[in-house]
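The block underneath contains the structure these notes are about, expressed in structure tokens.
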Amino acid sequence: MVTLSFSKAIIAGLEQARTKACELNNLRLYKIVQGLLWISEGKSLEKVARLLRVDVKTVWNWLKRLMVQGLSWLWGQHYRGRGRKSKLSGEQKQALYKMVKAGPQTQGFECGVWTSAMIVELIWRHFGVGYNPHYLSSLLGKLGLSYQKARFVSDRQEDPNHERARRAWVEQTWPAILKQAQASGAAILFADEASFALWGSLSRTWAPRGQQPVVKTTGRRKGMKLFGAIEFFSGAFYYREAIGYMLSATALKQLKAEGMPAEGVYALRALKGQRFETEDAFLQAL
């Protein structure tokens with residue numbers, strides 16, 4: 001049977017570490033120190049493991065580190081909080097923040113937006129540390145990052161030729177157009193076309209957890225096309241709807257269901273898919 005003897009200095013250091021563990025509310029450090037103090041009092045490794053509800057091998061590893069490294073290895077256990085020590089150091093977290101801020105493409109990814117799986121791969125590639133994607137959002141939030149919707153910008157903004165063309169437009173072309181319009185009393189119109197879906201769009205809403213809400217829709221994939229223009233000096237807005245008339249396959253089926261003779265429906269099939277800009281032209285074709 002081997003008897004261990006602890007020096008007074010070691011025991012004093014362990015008692016000091018136990019006091020520090022209580023101040024920091026550090027349960028892990030308290031278990032290590034208390035276990036070593038019990039061993040110094042003559043308790044067996046098995047009894048210490050049973051009292052602390054840990055494995056005997058764990059207690060043996062504590063004792064072995066104390067014999068090899070002394071009290072110095074305990075100072076590394078003095079981090080605050082009850083949770084685990086962070087896997088990344090402060091410098092590594094700062095580096096991660098800069099990499100995420102720079103965007104995925106600077107790290108060799110083809111996608112322009114980050115996903116949790118991509119950042120997990122990034123951390124493993126640069127720091128050799130594994131993270132669970134579900135916990136990663138908590139880490140990124142602590143770094144001052146948030147999950148938000150991105151916006152598009154032109155990929156030519158950093159192109160020197162594009163920048164020169166923009167500068168020429170602002171400094172030369174646009175002032176010349178403005179001066180000419182003011183001299184002749186002309187209007188300046190900025191125009192564009194747009195398409196609006198008539199079946200609506202889904203957005204987030206409140207609903208019971210685990211029960212996906214349902215929104216009724218006709219299911220018809222139709223849209224409204226508009227052409228609009230804004231006058232520069234007055235701010236007046238002009239628009240016109242792009243209306244078209246055509247005979248669809250659904251309309252032919254409806255005519256047949258309402259009793260139109262088969263030869264009439266067959267004759268109208270020649271107009272199916274053709275688009276007419278005015279109602280008069282459509283009726284004339286019919």
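Every chain in the structure tokens has a letter given in the order shown (A, B, ...), and although residue numbers restart at 1 in each chain, ligands are simply numbered from 1 in the order shown.
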
Please provide the set of residues having any atom within 9 Å of Lys253 in chain A, restricted to only C-alpha atoms, with same-chain residues fewer than 5 positions apart removed, written as a PyMOL selection string. chain A and resi 248+258+265

For range 85-94 of chain A, list every protein, DNA or RNA residue within 8 Å, evaluated using only C-alpha atoms, and leave out those in the same chain fewer than 4 positions away; present the list as a VMD selection string.
-> chain A and resid 79 98 127 129 143

Need the shell around range 118-123 of chain A: protein/DNA/RNA residues with any atom at most 10 Å away, counting only C-alpha atoms. Skip same-chain ones fewer than 6 positions apart. Format as a list in words?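 Everything that qualifies: Leu88, Gln92, Lys93, Leu96, Met99, Val100, Pro104, Gln107, Gly108, Phe109, Cys111, Val129, Gly130, Tyr131, Asn132, Pro133, Leu136 and Leu140 of chain A.
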
For the residues in the current selection, export N, CA and C atoms as a compact mmCIF listing (two decimals), in the first residue's frame.
```
# COMPACT_ATOMS: atom_id res chain seq x y z
N LEU A 88 -12.57 29.00 -28.35
CA LEU A 88 -11.74 29.95 -29.10
C LEU A 88 -11.19 31.01 -28.15
N GLN A 92 -8.65 34.64 -31.51
CA GLN A 92 -9.32 33.83 -32.54
C GLN A 92 -10.74 34.35 -32.81
N LYS A 93 -11.43 34.78 -31.77
CA LYS A 93 -12.77 35.34 -31.96
C LYS A 93 -12.72 36.62 -32.79
N LEU A 96 -12.18 35.59 -36.35
CA LEU A 96 -13.42 35.04 -36.90
C LEU A 96 -14.39 36.15 -37.27
N MET A 99 -13.33 37.70 -40.52
CA MET A 99 -13.56 36.82 -41.67
C MET A 99 -15.04 36.78 -42.05
N VAL A 100 -15.91 36.71 -41.04
CA VAL A 100 -17.35 36.70 -41.33
C VAL A 100 -17.78 38.03 -41.93
N PRO A 104 -18.25 35.42 -47.40
CA PRO A 104 -17.84 34.05 -47.72
C PRO A 104 -16.87 33.95 -48.89
N GLN A 107 -13.20 33.82 -48.38
CA GLN A 107 -12.68 32.59 -47.79
C GLN A 107 -12.78 31.41 -48.73
N GLY A 108 -13.03 31.69 -50.02
CA GLY A 108 -13.04 30.63 -51.01
C GLY A 108 -14.39 30.01 -51.28
N PHE A 109 -15.46 30.51 -50.65
CA PHE A 109 -16.79 29.99 -50.92
C PHE A 109 -17.39 30.69 -52.14
N CYS A 111 -20.76 30.96 -52.60
CA CYS A 111 -22.00 31.62 -52.17
C CYS A 111 -21.68 32.99 -51.58
N VAL A 129 -11.09 23.70 -34.50
CA VAL A 129 -12.06 23.56 -33.41
C VAL A 129 -13.41 23.22 -34.01
N GLY A 130 -14.09 22.23 -33.45
CA GLY A 130 -15.40 21.82 -33.93
C GLY A 130 -16.52 22.47 -33.15
N TYR A 131 -17.54 22.95 -33.85
CA TYR A 131 -18.70 23.58 -33.22
C TYR A 131 -19.97 22.93 -33.74
N ASN A 132 -20.98 22.85 -32.88
CA ASN A 132 -22.30 22.42 -33.29
C ASN A 132 -23.02 23.60 -33.94
N PRO A 133 -23.60 23.43 -35.16
CA PRO A 133 -24.28 24.55 -35.82
C PRO A 133 -25.37 25.19 -34.98
N LEU A 136 -23.73 27.61 -32.65
CA LEU A 136 -22.94 28.64 -33.32
C LEU A 136 -23.62 30.00 -33.28
N LEU A 140 -21.89 33.62 -32.37
CA LEU A 140 -21.86 34.75 -33.29
C LEU A 140 -22.56 35.96 -32.69
```

- Query: Between CA of Phe233 in chain A and CA of Ala191 in chain A, what is the distance, to one decimal in Å?
  - Reply: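 For CA of Phe233 in chain A relative to CA of Ala191 in chain A, the distance reads 14.1 Å.
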
**Study point:** alpha helix (DSSP H) residues, from DSSP on the backbone, in range 6-254 of chain A, as a PyMOL selection string
**Key:** chain A and resi 8-24+27-40+45-52+56-69+72-75+90-102+116-127+133-142+160-168+174-184+249-254

TODO: Excluding Leu145 in chain A and residues on its chain fewer than 5 positions from it, collect all residues at most 10 Å away from it, counting only C-alpha atoms, and give them as an MDAnalysis selection string.
DONE: chainID A and resid 97 100:101 137:140

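For the pair CA of Leu247 in chain A and CA of Gly264 in chain A, the interatomic distance is 13.5 Å.
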
- Gap from CA of Ala249 in chain A to CA of Lys272 in chain A - Å, one decimal: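 Separation between CA of Ala249 in chain A and CA of Lys272 in chain A: 6.7 Å.
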
What lies within 10 Å of range 169-178 of chain A using only C-alpha atoms, ignoring chain neighbours under 3 positions off, as a VMD selection string?
chain A and resid 163 to 166 181 to 183 186 to 188 232 to 233

Exercise: Gln16 in chain A partners within 12 Å, only C-alpha atoms, chain neighbours under 3 positions left out, as a PDB file with C-alpha atoms, in the first residue's frame:
```pdb
ATOM      1  CA  ALA A   9       2.833  24.435   1.177  1.00  0.00           C
ATOM      2  CA  ILE A  10       0.802  22.184  -1.130  1.00  0.00           C
ATOM      3  CA  ILE A  11      -2.038  21.908   1.372  1.00  0.00           C
ATOM      4  CA  ALA A  12      -2.056  25.690   1.898  1.00  0.00           C
ATOM      5  CA  GLY A  13      -2.141  26.222  -1.861  1.00  0.00           C
ATOM      6  CA  THR A  19     -11.510  29.520  -1.443  1.00  0.00           C
ATOM      7  CA  LYS A  20     -10.991  30.986  -4.905  1.00  0.00           C
ATOM      8  CA  ALA A  21     -13.302  28.371  -6.433  1.00  0.00           C
ATOM      9  CA  CYS A  22     -16.057  29.384  -3.996  1.00  0.00           C
ATOM     10  CA  GLU A  23     -15.591  33.059  -4.894  1.00  0.00           C
ATOM     11  CA  LEU A  29     -12.324  23.689  -9.695  1.00  0.00           C
ATOM     12  CA  TYR A  30     -13.926  23.098  -6.299  1.00  0.00           C
ATOM     13  CA  VAL A  33      -9.263  20.859  -5.065  1.00  0.00           C
ATOM     14  CA  GLN A  34     -11.574  19.189  -2.540  1.00  0.00           C
ATOM     15  CA  LEU A  37      -7.491  17.681  -0.036  1.00  0.00           C
ATOM     16  CA  LEU A  71      -0.210  23.805  -8.168  1.00  0.00           C
ATOM     17  CA  LEU A  74      -4.878  24.751 -11.143  1.00  0.00           C
ATOM     18  CA  TRP A  75      -4.540  28.440 -12.025  1.00  0.00           C
ATOM     19  CA  HIS A  78      -9.836  29.953 -12.539  1.00  0.00           C
TER      20      HIS A  78
END
```
